[in-house]
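**Q** Input upload.csv, format and content: CSV, C-alpha atoms and all ligand atoms.
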chain,number,residue,atom,x,y,z
A,277,MET,CA,88.9,70.8,106.4
A,278,GLU,CA,89.4,72.7,109.6
A,279,ASN,CA,92.6,71.1,110.6
A,280,GLN,CA,94.1,71.3,107.1
A,281,PHE,CA,96.7,73.9,106.2
A,282,GLN,CA,95.0,76.8,104.5
A,283,PHE,CA,96.5,79.9,103.1
A,284,ASP,CA,94.7,82.5,100.9
A,285,LEU,CA,97.6,83.0,98.5
A,286,GLU,CA,95.6,85.3,96.2
A,287,ARG,CA,95.2,87.8,99.1
A,288,TYR,CA,98.9,88.6,98.7
A,289,ILE,CA,99.9,87.7,95.2
A,290,SER,CA,98.4,86.2,92.0
A,291,ARG,CA,99.2,82.5,91.6
A,292,GLU,CA,100.9,83.3,88.3
A,293,ARG,CA,103.2,86.0,89.9
A,294,PHE,CA,104.0,83.6,92.7
A,295,ASP,CA,105.1,80.9,90.3
A,296,ARG,CA,107.2,83.4,88.5
A,297,ILE,CA,109.0,84.4,91.7
A,298,LYS,CA,109.3,80.9,92.8
A,299,LYS,CA,111.1,80.0,89.6
A,300,PHE,CA,113.3,83.1,89.9
A,301,ALA,CA,114.2,82.0,93.4
A,302,GLU,CA,114.7,78.3,92.8
A,303,ASP,CA,118.4,78.1,92.4
A,304,LYS,CA,119.3,80.7,95.0
A,305,GLU,CA,120.6,79.8,98.5
A,306,THR,CA,118.2,80.9,101.3
A,307,PRO,CA,117.6,83.1,103.1
A,308,PHE,CA,117.0,86.0,100.8
A,309,LEU,CA,114.4,88.6,99.8
A,310,VAL,CA,112.9,89.0,96.4
A,311,ILE,CA,111.7,92.5,95.6
A,312,ASP,CA,109.0,92.7,93.0
A,313,LEU,CA,109.7,96.1,91.5
A,314,ALA,CA,106.5,96.2,89.6
A,315,LYS,CA,104.6,96.0,92.9
A,316,VAL,CA,106.4,99.1,94.4
A,317,GLU,CA,105.5,101.0,91.2
A,318,GLN,CA,101.9,99.9,91.5
A,319,LYS,CA,101.7,101.1,95.1
A,320,TYR,CA,103.2,104.5,94.1
A,321,ASP,CA,100.6,104.8,91.4
A,322,GLU,CA,97.9,103.8,93.7
A,323,LEU,CA,98.8,106.5,96.3
A,324,ILE,CA,99.1,109.2,93.6
A,325,SER,CA,95.7,108.3,92.2
A,326,THR,CA,94.2,108.3,95.7
A,327,LEU,CA,95.6,111.6,96.8
A,328,PRO,CA,96.5,113.3,93.5
A,329,PHE,CA,97.3,116.7,95.0
A,330,ALA,CA,99.9,115.3,97.3
A,331,LYS,CA,103.7,115.1,96.8
A,332,ILE,CA,105.2,111.8,97.7
A,333,TYR,CA,108.4,111.8,99.7
A,334,TYR,CA,109.4,108.1,99.9
A,335,ALA,CA,110.8,107.2,103.3
A,336,VAL,CA,114.1,105.8,102.0
A,337,LYS,CA,114.8,103.8,105.2
A,338,ALA,CA,111.9,101.4,104.5
A,339,ASN,CA,113.8,99.9,101.5
A,340,PRO,CA,116.8,101.7,100.1
A,341,ASN,CA,117.4,99.2,97.4
A,342,GLU,CA,119.0,100.8,94.3
A,343,SER,CA,116.5,99.5,91.8
A,344,VAL,CA,113.7,100.8,94.0
A,345,ILE,CA,115.2,104.3,94.2
A,346,ARG,CA,116.1,104.4,90.5
A,347,MET,CA,112.5,103.5,89.6
A,348,LEU,CA,111.1,106.1,91.9
A,349,VAL,CA,113.5,108.8,90.6
A,350,ALA,CA,112.3,108.0,87.1
A,351,LYS,CA,108.7,108.3,88.3
A,352,GLY,CA,109.2,111.7,89.7
A,353,SER,CA,109.1,110.8,93.4
A,354,CYS,CA,110.7,112.9,96.1
A,355,PHE,CA,112.6,111.4,99.0
A,356,ASP,CA,112.5,111.7,102.8
A,357,ILE,CA,116.0,111.0,104.2
A,358,ALA,CA,117.2,110.4,107.7
A,359,SER,CA,121.0,110.7,107.3
A,360,ILE,CA,123.7,112.0,105.0
A,361,TYR,CA,124.4,108.4,104.0
A,362,GLU,CA,120.9,108.0,102.6
A,363,LEU,CA,121.4,111.4,101.0
A,364,ASP,CA,124.6,110.3,99.2
A,365,HIS,CA,122.9,107.0,98.3
A,366,ILE,CA,119.9,108.6,96.5
A,367,LEU,CA,121.9,111.4,94.9
A,368,ALA,CA,124.2,108.8,93.4
A,369,LEU,CA,121.1,107.1,92.0
A,370,GLY,CA,119.9,110.2,90.2
A,371,ALA,CA,117.7,112.0,92.8
A,372,THR,CA,118.2,115.8,92.8
A,373,PRO,CA,118.5,117.8,96.1
A,374,ASP,CA,115.3,119.9,95.3
A,375,ARG,CA,113.4,116.6,95.8
A,376,VAL,CA,114.9,115.8,99.1
A,377,SER,CA,113.5,116.4,102.6
A,378,TYR,CA,115.9,115.9,105.6
A,379,GLY,CA,113.2,114.5,107.8
A,380,ASN,CA,115.2,113.4,110.8
A,381,THR,CA,114.9,115.8,113.7
A,382,ILE,CA,118.1,114.4,115.2
A,383,LYS,CA,121.1,115.5,113.3
A,384,LYS,CA,124.7,116.7,113.8
A,385,ALA,CA,125.6,120.2,112.8
A,386,LYS,CA,128.1,119.0,110.3
A,387,ASP,CA,125.6,116.7,108.7
A,388,ILE,CA,123.2,119.6,108.2
A,389,ALA,CA,126.1,121.6,106.6
A,390,TYR,CA,126.9,118.7,104.4
A,391,ALA,CA,123.3,118.3,103.2
A,392,TYR,CA,123.1,122.1,102.6
A,393,SER,CA,126.4,121.9,100.6
A,394,LYS,CA,124.7,119.2,98.4
A,395,GLY,CA,121.7,121.5,97.8
A,396,VAL,CA,119.1,120.3,100.4
A,397,ARG,CA,116.9,123.2,101.5
A,398,LEU,CA,114.1,121.5,103.4
A,399,PHE,CA,114.6,120.3,106.9
A,400,ALA,CA,112.4,118.9,109.7
A,401,THR,CA,112.8,120.1,113.3
A,402,ASP,CA,111.1,119.7,116.7
A,403,SER,CA,113.5,121.5,119.1
A,404,GLU,CA,115.2,124.8,119.6
A,405,ASN,CA,118.7,123.4,119.5
A,406,ASP,CA,118.1,121.7,116.3
A,407,LEU,CA,116.5,124.8,114.8
A,408,LYS,CA,119.6,126.8,115.7
A,409,LYS,CA,121.8,124.2,114.2
A,410,ILE,CA,119.8,124.4,110.9
A,411,ALA,CA,119.9,128.3,111.0
A,412,LYS,CA,123.7,128.2,111.3
A,413,ASN,CA,124.5,125.4,108.9
A,414,ALA,CA,121.7,125.7,106.3
A,415,PRO,CA,121.0,129.4,106.3
A,416,GLY,CA,117.7,130.5,104.7
A,417,SER,CA,116.3,127.0,104.4
A,418,LYS,CA,112.7,126.0,104.7
A,419,VAL,CA,111.9,124.3,107.9
A,420,PHE,CA,108.8,122.2,108.9
A,421,PHE,CA,107.9,121.5,112.5
A,422,ARG,CA,107.0,118.0,113.7
A,423,ILE,CA,104.2,117.7,116.2
A,424,LEU,CA,104.0,114.9,118.7
A,425,THR,CA,101.4,112.2,118.2
A,426,ASP,CA,100.8,109.3,120.6
A,427,GLY,CA,101.0,106.4,118.1
A,428,SER,CA,97.8,104.7,119.3
A,429,GLY,CA,96.2,102.4,116.7
A,430,ALA,CA,99.5,101.7,115.1
A,431,ASP,CA,101.1,98.2,115.0
A,432,TRP,CA,104.6,99.8,115.0
A,433,PRO,CA,104.3,103.1,116.9
A,434,LEU,CA,107.3,105.3,116.6
A,435,SER,CA,106.0,108.6,117.9
A,436,ARG,CA,107.2,109.1,121.4
A,437,LYS,CA,110.8,109.8,120.3
A,438,PHE,CA,109.9,112.5,117.7
A,439,GLY,CA,107.8,115.7,117.7
A,440,ALA,CA,107.0,118.3,120.3
A,441,HIS,CA,103.9,119.7,121.9
A,442,PRO,CA,102.0,122.3,119.8
A,443,ASP,CA,102.9,125.1,122.3
A,444,THR,CA,106.6,124.3,121.9
A,445,ILE,CA,106.2,124.1,118.1
A,446,TYR,CA,104.4,127.5,118.1
A,447,LYS,CA,107.4,129.1,119.8
A,448,LEU,CA,109.7,127.5,117.2
A,449,ILE,CA,107.6,128.8,114.4
A,450,LEU,CA,108.0,132.4,115.7
A,451,GLN,CA,111.7,131.9,116.3
A,452,ALA,CA,112.5,130.6,112.8
A,453,PRO,CA,112.3,133.9,110.9
A,454,GLU,CA,114.4,135.6,113.6
A,455,LEU,CA,117.0,133.0,112.8
A,456,GLY,CA,116.8,133.7,109.1
A,457,LEU,CA,114.9,130.5,108.3
A,458,GLU,CA,111.6,130.1,106.4
A,459,PRO,CA,108.9,128.5,108.6
A,460,TYR,CA,107.3,126.4,105.9
A,461,GLY,CA,104.9,123.8,107.4
A,462,ILE,CA,103.9,121.2,110.0
A,463,SER,CA,104.5,117.5,110.0
A,464,PHE,CA,103.5,114.5,112.0
A,465,HIS,CA,103.7,110.7,111.9
A,466,VAL,CA,100.7,108.9,113.3
A,467,GLY,CA,102.7,105.6,113.8
A,468,SER,CA,103.6,103.0,111.3
A,469,GLN,CA,101.0,100.5,110.1
A,470,GLN,CA,98.3,102.7,111.4
A,471,ARG,CA,94.9,101.0,111.4
A,472,ASP,CA,92.9,103.9,112.9
A,473,ILE,CA,92.4,106.5,110.1
A,474,GLY,CA,90.9,108.9,112.7
A,475,GLN,CA,94.5,109.5,114.0
A,476,TRP,CA,95.1,111.7,111.0
A,477,ASP,CA,92.0,113.7,111.9
A,478,HIS,CA,93.3,114.9,115.2
A,479,ALA,CA,96.8,115.6,113.9
A,480,ILE,CA,95.4,117.6,110.9
A,481,SER,CA,93.3,119.7,113.3
A,482,THR,CA,96.5,120.5,115.3
A,483,CYS,CA,98.2,121.6,112.1
A,484,LYS,CA,95.3,123.9,111.3
A,485,TYR,CA,95.4,125.4,114.8
A,486,LEU,CA,99.1,126.1,114.3
A,487,PHE,CA,98.5,127.6,110.8
A,488,ASP,CA,96.0,130.0,112.4
A,489,SER,CA,98.2,130.8,115.4
A,490,ALA,CA,101.1,131.6,113.1
A,491,LYS,CA,99.0,133.7,110.8
A,492,ALA,CA,97.9,135.9,113.7
A,493,GLU,CA,101.6,136.7,114.1
A,494,GLY,CA,102.0,137.4,110.4
A,495,ILE,CA,103.6,134.1,109.5
A,496,GLU,CA,102.0,132.2,106.6
A,497,LEU,CA,102.7,128.5,106.8
A,498,LYS,CA,102.3,126.7,103.4
A,499,MET,CA,102.6,123.0,103.9
A,500,VAL,CA,101.2,120.0,105.8
A,501,ASN,CA,103.2,116.8,105.8
A,502,LEU,CA,101.0,113.8,106.6
A,503,GLY,CA,103.9,111.5,107.3
A,504,GLY,CA,103.8,107.8,106.9
A,505,GLY,CA,101.6,105.2,108.6
A,506,PHE,CA,99.8,103.9,105.5
A,507,PRO,CA,99.5,100.2,105.9
A,508,ALA,CA,101.0,97.1,104.1
A,509,ASN,CA,99.1,93.9,103.7
A,510,TYR,CA,99.9,91.7,106.7
A,511,ILE,CA,97.8,89.0,108.3
A,512,SER,CA,95.4,91.3,110.0
A,513,PRO,CA,93.4,93.2,107.3
A,514,THR,CA,93.3,96.9,107.0
A,515,LYS,CA,91.0,99.2,105.2
A,516,GLU,CA,91.6,99.9,101.5
A,517,THR,CA,93.8,102.7,100.4
A,518,SER,CA,90.8,104.4,98.8
A,519,VAL,CA,89.2,104.6,102.3
A,520,TYR,CA,92.3,106.1,103.8
A,521,GLY,CA,92.4,108.6,100.9
A,522,ALA,CA,88.7,109.6,101.2
A,523,GLU,CA,88.9,110.0,104.9
A,524,ILE,CA,92.1,112.1,104.8
A,525,ILE,CA,90.6,114.4,102.1
A,526,ARG,CA,87.5,114.8,104.3
A,527,PHE,CA,89.7,115.8,107.4
A,528,LEU,CA,91.7,118.2,105.3
A,529,THR,CA,88.8,120.0,103.7
A,530,GLU,CA,86.9,120.1,107.1
A,531,ASP,CA,89.9,122.1,108.5
A,532,PHE,CA,91.4,123.9,105.6
A,533,GLY,CA,88.4,124.3,103.2
A,534,GLU,CA,88.7,124.0,99.5
A,535,THR,CA,92.1,125.6,99.0
A,536,LEU,CA,94.4,123.2,100.7
A,537,PRO,CA,98.0,123.9,101.6
A,538,GLU,CA,100.8,122.0,99.9
A,539,ILE,CA,100.4,118.4,101.0
A,540,LEU,CA,103.3,116.0,101.5
A,541,LEU,CA,103.2,112.2,102.2
A,542,GLU,CA,106.1,110.1,103.5
A,543,PRO,CA,105.1,106.6,102.8
A,544,GLY,CA,107.6,103.8,103.5
A,545,ARG,CA,105.9,100.6,104.6
A,546,PHE,CA,103.0,101.2,102.2
A,547,MET,CA,105.3,101.5,99.2
A,548,ALA,CA,107.7,98.7,99.8
A,549,GLY,CA,106.0,96.2,102.1
A,550,ASP,CA,103.8,94.3,99.7
A,551,ALA,CA,106.6,94.0,97.2
A,552,GLY,CA,108.8,91.7,99.2
A,553,ILE,CA,108.9,87.9,99.7
A,554,LEU,CA,111.4,86.6,102.1
A,555,ILE,CA,112.3,83.1,101.3
A,556,THR,CA,113.7,81.0,104.1
A,557,GLU,CA,114.4,77.3,104.7
A,558,VAL,CA,113.6,75.1,107.7
A,559,VAL,CA,116.9,74.2,109.5
A,560,LEU,CA,115.5,72.2,112.3
A,561,ILE,CA,112.3,70.9,113.8
A,562,SER,CA,112.3,69.9,117.4
A,563,ARG,CA,110.1,69.3,120.5
A,564,LYS,CA,111.1,70.4,124.0
A,565,SER,CA,109.5,67.4,125.6
A,566,GLU,CA,107.3,64.4,124.8
A,567,ALA,CA,104.4,66.1,126.4
A,568,ASN,CA,104.7,69.5,124.7
A,569,GLN,CA,102.1,70.0,122.0
A,570,TYR,CA,104.1,72.6,120.1
A,571,SER,CA,107.0,71.9,117.8
A,572,TRP,CA,109.8,74.4,117.4
A,573,VAL,CA,110.6,75.3,113.8
A,574,TYR,CA,114.0,76.9,113.4
A,575,LEU,CA,114.5,78.8,110.2
A,576,ASP,CA,117.6,80.2,108.5
A,577,ALA,CA,116.1,83.8,108.8
A,578,GLY,CA,115.4,85.4,112.2
A,579,LYS,CA,115.3,88.6,114.1
A,580,PHE,CA,118.9,89.5,113.1
A,581,GLY,CA,118.4,88.5,109.5
A,582,GLY,CA,115.7,91.0,108.6
A,583,LEU,CA,112.8,90.0,110.8
A,584,ILE,CA,113.3,92.4,113.7
A,585,GLU,CA,109.8,93.8,113.4
A,586,THR,CA,108.6,90.5,115.0
A,587,LEU,CA,109.8,92.2,118.2
A,588,ASP,CA,106.9,91.8,120.7
A,589,GLU,CA,105.2,90.0,117.7
A,590,SER,CA,104.2,93.5,116.5
A,591,ILE,CA,104.2,92.7,112.8
A,592,LYS,CA,102.7,89.4,111.8
A,593,TYR,CA,103.9,88.3,108.5
A,594,PRO,CA,101.8,85.9,106.3
A,595,ILE,CA,103.8,82.7,106.1
A,596,TYR,CA,103.2,80.3,103.3
A,597,SER,CA,104.2,76.7,102.7
A,598,GLU,CA,103.6,74.8,99.6
A,599,LYS,CA,102.8,71.7,101.5
A,600,SER,CA,99.3,70.8,102.5
A,601,GLY,CA,97.5,68.4,104.8
A,602,PRO,CA,96.9,68.5,108.6
A,603,ILE,CA,98.3,71.4,110.5
A,604,GLN,CA,100.7,71.5,113.5
A,605,GLU,CA,100.9,74.5,115.8
A,606,THR,CA,104.4,75.8,115.8
A,607,ILE,CA,106.8,78.2,117.5
A,608,LEU,CA,109.0,79.9,114.9
A,609,ALA,CA,112.5,80.9,115.7
A,610,GLY,CA,115.7,82.1,113.9
A,611,PRO,CA,119.1,80.5,113.5
A,612,THR,CA,121.3,82.6,115.8
A,613,CYS,CA,122.6,81.8,119.3
A,614,ASP,CA,120.7,84.7,120.9
A,615,SER,CA,117.7,83.5,122.8
A,616,MET,CA,115.7,86.6,121.8
A,617,ASP,CA,115.9,85.2,118.2
A,618,ILE,CA,112.3,83.8,118.4
A,619,LEU,CA,109.9,85.1,115.8
A,620,TYR,CA,106.5,84.0,117.1
A,621,GLU,CA,105.9,82.2,120.4
A,622,ASN,CA,102.6,83.6,121.7
A,623,GLU,CA,101.1,83.5,118.2
A,624,LYS,CA,101.2,79.9,117.2
A,625,TYR,CA,101.5,79.7,113.4
A,626,ALA,CA,99.6,76.7,112.0
A,627,LEU,CA,101.8,75.1,109.5
A,628,PRO,CA,101.6,71.8,107.7
A,629,ALA,CA,102.5,68.9,110.0
A,630,SER,CA,104.4,67.4,107.1
A,631,LEU,CA,106.9,70.3,107.1
A,632,THR,CA,110.5,69.0,107.1
A,633,GLU,CA,114.0,70.3,107.2
A,634,GLY,CA,115.0,71.8,103.9
A,635,ASP,CA,111.5,72.9,103.1
A,636,ARG,CA,111.1,76.5,102.0
A,637,LEU,CA,108.7,79.0,103.7
A,638,TYR,CA,107.6,82.2,102.0
A,639,PHE,CA,107.2,85.3,104.2
A,640,PHE,CA,105.0,87.7,102.4
A,641,THR,CA,104.9,91.5,102.8
A,642,THR,CA,108.6,91.6,103.8
A,643,GLY,CA,109.6,94.4,101.4
A,644,ALA,CA,109.8,97.1,104.1
A,645,TYR,CA,112.0,97.3,107.2
A,646,THR,CA,113.7,93.9,106.6
A,647,GLN,CA,116.9,94.1,104.6
A,648,SER,CA,117.7,97.6,105.9
A,649,TYR,CA,117.3,96.3,109.5
A,650,SER,CA,119.3,93.1,109.2
A,651,SER,CA,122.5,92.9,111.2
A,652,VAL,CA,126.0,93.0,109.7
A,653,CYS,CA,127.3,89.6,110.7
A,654,PHE,CA,125.8,88.4,114.0
A,655,ASN,CA,127.1,84.8,114.6
A,656,GLY,CA,128.7,85.2,111.2
A,657,PHE,CA,125.5,85.1,109.3
A,658,PRO,CA,125.7,87.6,106.4
A,659,PRO,CA,123.1,90.4,106.2
A,660,LEU,CA,119.9,89.5,104.3
A,661,ARG,CA,120.5,89.4,100.5
A,662,ALA,CA,118.0,90.9,98.2
A,663,TYR,CA,117.2,90.1,94.5
A,664,VAL,CA,115.1,92.4,92.5
A,665,LEU,CA,112.7,91.0,90.0
A,666,GLU,CA,112.6,93.8,87.4
A,667,ASP,CA,110.1,92.4,84.9
B,1,LIG,C1,109.8,106.0,109.1
B,1,LIG,C2,109.3,107.3,108.7
B,1,LIG,C3,108.3,107.4,107.7
B,1,LIG,C4,107.7,106.1,107.0
B,1,LIG,O1,106.8,105.5,107.8
B,1,LIG,P1,105.9,104.3,107.3
B,1,LIG,O2,105.0,104.1,108.4
B,1,LIG,O3,106.8,103.2,107.0
B,1,LIG,O4,105.2,104.8,106.1
B,1,LIG,C5,107.9,108.6,107.3
B,1,LIG,N1,108.4,109.7,107.8
B,1,LIG,C6,109.3,109.7,108.8
B,1,LIG,C7,109.8,111.0,109.4
B,1,LIG,C8,109.8,108.5,109.3
B,1,LIG,O5,110.7,108.5,110.2
Would you mind writing the file's structure down as structure tokens?
Ligand SMILES: *Cc1c(COP(=O)(O)O)cnc(C)c1O

**A**
Amino acid sequence: MENQFQFDLERYISRERFDRIKKFAEDKETPFLVIDLAKVEQKYDELISTLPFAKIYYAVKANPNESVIRMLVAKGSCFDIASIYELDHILALGATPDRVSYGNTIKKAKDIAYAYSKGVRLFATDSENDLKKIAKNAPGSKVFFRILTDGSGADWPLSRKFGAHPDTIYKLILQAPELGLEPYGISFHVGSQQRDIGQWDHAISTCKYLFDSAKAEGIELKMVNLGGGFPANYISPTKETSVYGAEIIRFLTEDFGETLPEILLEPGRFMAGDAGILITEVVLISRKSEANQYSWVYLDAGKFGGLIETLDESIKYPIYSEKSGPIQETILAGPTCDSMDILYENEKYALPASLTEGDRLYFFTTGAYTQSYSSVCFNGFPPLRAYVLED
């Protein structure tokens, strides 16, 4: 059996649900994404039941699909936005400004003013210049301060660019009331697809330290924003959501005792990742030389068509073929004329040797950071299409 193609489908989806999606997808031209809306809803409920005291601010960038946003609005979710375009998008879909956090620390003055004019009163910041811009363009608003984390333990670290050292943050906290703003809380992001739950421990302790330091100056902070980082189900397994929840509750109570501050979460990948199946077709199979043991399998979806998180092979999607039989180790690449459009070269995916042109491959866990990342028209290929399965 060892050299036979094996794939534990049930780890990602029930056979019944897969058959449903396959049928739904049958007559559609590849490549495209199918978003299983019920799955997003299930992930939302899972997180709420794990951390019932927390408010969820869905990170819109992970998957801004209209049906996803509408469903979350109906469920009472809040939203973390990064731009005025995301703001307009979610307001048009029924979100109200009191449920919005402007979480990007990099913003133009006029965009802050625009968000303020639409009713947004909660802003993230990590620098003095940004704080001043908020004070001027969104007077009286609540601000929360993002601390730097190092992103270790994460498959997709994103921390270096955002956040500031606690000493810098401390100064900003003291400055906020002088500028007429309400210093409201502390935030961080431990890095996306974070496997090491201990990363929250250290960050939460830093929050507590800042709470205490601010209090000594008569400033009462009220909120801790635990950011994103909660994992989706890729090839390499992670701990259960319940384990993340239990550990995080332990860290919080160790530092803050029984009366916790207001707790916010900003899940993106966790909420949308598992809900997506990207369906692609084999365009070409070739071999670079007679002697080379690997075949190159070129697909109609690549780095520019939604799979940019294969950069440095950081995110390893589970890839399923319905064929069976002996395996062939393959190098997977996309269809465009840019030579960086290779998905996996170090990691040799074992796929059925009988795979042929025209066969479909199913990339699981592609609901987050795929469609929103796909390029406009590189080489003329249109951006990744998405269909939503609503029932
Ligand atoms: C991207 C982002 C998130 C979502 O991160 P995930 O790891 O996908 O959950 C949350 N908060 C902020 C500020 C972000 O930039």

**Q** Just want the residues within 7 Å of ligand LIG 1 (chain B), written as a ChimeraX atom specification, counting all atoms listed in the file.

**A** /A:335,337-338,356,379-380,465,467-469,503-506,542-546

**Q** With C-alpha atoms retained, write the just-selected residues as an mmCIF file, in the coordinates of the input.

**A**
data_model
loop_
_atom_site.group_PDB
_atom_site.id
_atom_site.type_symbol
_atom_site.label_atom_id
_atom_site.label_comp_id
_atom_site.auth_asym_id
_atom_site.auth_seq_id
_atom_site.Cartn_x
_atom_site.Cartn_y
_atom_site.Cartn_z
ATOM 1 C CA ALA A 335 110.800 107.200 103.300
ATOM 2 C CA LYS A 337 114.800 103.800 105.200
ATOM 3 C CA ALA A 338 111.900 101.400 104.500
ATOM 4 C CA ASP A 356 112.500 111.700 102.800
ATOM 5 C CA GLY A 379 113.200 114.500 107.800
ATOM 6 C CA ASN A 380 115.200 113.400 110.800
ATOM 7 C CA HIS A 465 103.700 110.700 111.900
ATOM 8 C CA GLY A 467 102.700 105.600 113.800
ATOM 9 C CA SER A 468 103.600 103.000 111.300
ATOM 10 C CA GLN A 469 101.000 100.500 110.100
ATOM 11 C CA GLY A 503 103.900 111.500 107.300
ATOM 12 C CA GLY A 504 103.800 107.800 106.900
ATOM 13 C CA GLY A 505 101.600 105.200 108.600
ATOM 14 C CA PHE A 506 99.800 103.900 105.500
ATOM 15 C CA GLU A 542 106.100 110.100 103.500
ATOM 16 C CA PRO A 543 105.100 106.600 102.800
ATOM 17 C CA GLY A 544 107.600 103.800 103.500
ATOM 18 C CA ARG A 545 105.900 100.600 104.600
ATOM 19 C CA PHE A 546 103.000 101.200 102.200
#

**Q** Which residues, written as a PDB file with C-alpha atoms, in the coordinates of the input, have at least one atom at most 8 Å from A:Leu627, with all atoms listed in the file counted and residues fewer than 3 positions away on the same chain left out?

**A**
ATOM      1  CA  PHE A 281      96.700  73.900 106.200  1.00  0.00           C
ATOM      2  CA  SER A 597     104.200  76.700 102.700  1.00  0.00           C
ATOM      3  CA  ILE A 603      98.300  71.400 110.500  1.00  0.00           C
ATOM      4  CA  GLN A 604     100.700  71.500 113.500  1.00  0.00           C
ATOM      5  CA  GLU A 605     100.900  74.500 115.800  1.00  0.00           C
ATOM      6  CA  THR A 606     104.400  75.800 115.800  1.00  0.00           C
ATOM      7  CA  LEU A 631     106.900  70.300 107.100  1.00  0.00           C
TER       8      LEU A 631
END

**Q** In the coordinates of the file, take the point (118.3, 80.6, 118.9) and a cut-off of 12 Å; then, counting only C-alpha atoms, name each qualifying protein, DNA or RNA residue as a PyMOL selection string.

**A** chain A and resi 559-560+572-580+607-619+654-655

**Q** Excluding A:Thr401 and any residue of its chain fewer than 4 positions from it, enumerate the residues within 9 Å of it, using all atoms listed in the file, and give them as a list in words.

**A** Gly379, Asn380, Thr381, Ile382, Asp406, Leu407, Ile410, Val419, Phe420, Phe421, Arg422, Gly439 and Leu448 of chain A

**Q** Counting only C-alpha atoms, which residues in stretch 581-603 of chain A sit no more than 12 Å from stretch 309-322 of chain A? For each one, give the nearest pair of atoms and the distance in Å, sorted by chain then residue number, as a Markdown table.

**A**
| residue | atom | partner | partner_atom | distance |
| --- | --- | --- | --- | --- |
| A:Gly581 | CA | A:Leu309 | CA | 10.5 |
| A:Gly582 | CA | A:Leu309 | CA | 9.2 |
| A:Leu583 | CA | A:Leu309 | CA | 11.2 |

**Q** Between atom CA of A:Leu398 and atom CA of A:Thr444, what is the distance in Å, rounded to a tenth?

**A**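 So the two atoms, atom CA of A:Leu398 and atom CA of A:Thr444, lie 20.2 Å apart.
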
**Q** Could you check which of A:Asp550, A:Asp488, A:Glu566, A:Glu404 is closest to A:Arg287, using all atoms listed in the file?

**A**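 Among the listed residues, the smallest separation from A:Arg287 belongs to A:Asp550.
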
**Q** Pick out the residues sitting within 12 Å of A:Ala452, and hand them over as JSON, numbers by chain; count all atoms listed in the file, and ignore anything fewer than 6 positions along from it in its own chain.

**A** {"A": [401, 402, 403, 404, 405, 406, 407, 408, 409, 410, 411, 412, 415, 416, 417, 418, 419, 420, 421, 445, 446, 458, 459, 460, 461, 490, 495, 497]}

**Q** From the list A:Arg471, A:Lys383, A:Arg291, A:Lys564, which residue is nearest A:Ser428 when using all atoms listed in the file?

**A** A:Arg471

**Q** May I ask for the distance between atom CA of A:Asn509 and atom CA of A:Ala626, given in Å to one decimal place?

**A**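 Separation between atom CA of A:Asn509 and atom CA of A:Ala626: 19.1 Å.
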
**Q** List the neighbours of A:Ile366 out to 12 Å using all atoms listed in the file; skip same-chain residues closer than 2 positions along the sequence, and give me the result as a ChimeraX atom specification.

**A** /A:334-337,339-349,353-364,368-373,375-377,394

**Q** One number please: atom CA of A:Leu434 to atom CA of A:Gln647, in Å, one decimal.

**A**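 Atom CA of A:Gln647 lies at a distance of 19.0 Å from atom CA of A:Leu434.
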
**Q** So that I can see what lies close to A:Phe308, please list as a list in words the residues with an atom at most 8 Å from it, counting all atoms listed in the file and leaving out residues fewer than 2 positions away in the same chain.

**A**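 After dropping sequence-adjacent residues, the list is Glu305, Thr306, Val310, Leu554, Ile555, Thr556, Leu660, Arg661, Ala662 and Tyr663 of chain A.
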
**Q** Let me make sure I understand: among A:Ser571, A:Gln470, A:Ser481, A:Thr517, which one has the smallest atom-to-atom distance to A:Ile591 if we use only C-alpha atoms?

**A**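 Closest candidate: A:Gln470.
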
**Q** Would you mind telling me which residue in A:Tyr570, A:Thr482, A:Arg563, A:Met547 lies nearest to A:Phe532 when using only C-alpha atoms?

**A**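 That would be A:Thr482, the residue with the smallest distance to A:Phe532.
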
**Q** For a quick check of understanding, using only C-alpha atoms, which of A:Ile289, A:Ile423, A:Ala301, A:Val500 has the smallest distance to A:Thr641?

**A**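 Nearest candidate to A:Thr641 out of A:Ile289, A:Ile423, A:Ala301, A:Val500: A:Ile289.
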
**Q** Restricting the calculation to only C-alpha atoms, which member of A:Ala414, A:Ile297, A:Ala479, A:Ile388 is positioned closest to A:Ala551?

**A**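 Counting only C-alpha atoms, the residue closest to A:Ala551 is A:Ile297.
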
**Q** Output stretch 316-320 of chain A as a JSON list (two decimals), keeping the file's coordinate frame, making sure N, CA and C atoms are there.

**A**
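The new file out21.json reads:
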[["chain", "number", "residue", "atom", "x", "y", "z"],
["A", 316, "VAL", "N", 106.11, 97.79, 93.77],
["A", 316, "VAL", "CA", 106.40, 99.10, 94.40],
["A", 316, "VAL", "C", 105.83, 100.19, 93.46],
["A", 317, "GLU", "N", 106.04, 100.01, 92.18],
["A", 317, "GLU", "CA", 105.50, 101.00, 91.20],
["A", 317, "GLU", "C", 104.01, 101.08, 91.29],
["A", 318, "GLN", "N", 103.39, 99.93, 91.40],
["A", 318, "GLN", "CA", 101.90, 99.90, 91.50],
["A", 318, "GLN", "C", 101.43, 100.61, 92.75],
["A", 319, "LYS", "N", 102.14, 100.43, 93.86],
["A", 319, "LYS", "CA", 101.70, 101.10, 95.10],
["A", 319, "LYS", "C", 101.92, 102.61, 94.99],
["A", 320, "TYR", "N", 103.00, 103.03, 94.37],
["A", 320, "TYR", "CA", 103.20, 104.50, 94.10],
["A", 320, "TYR", "C", 102.06, 105.04, 93.33]]
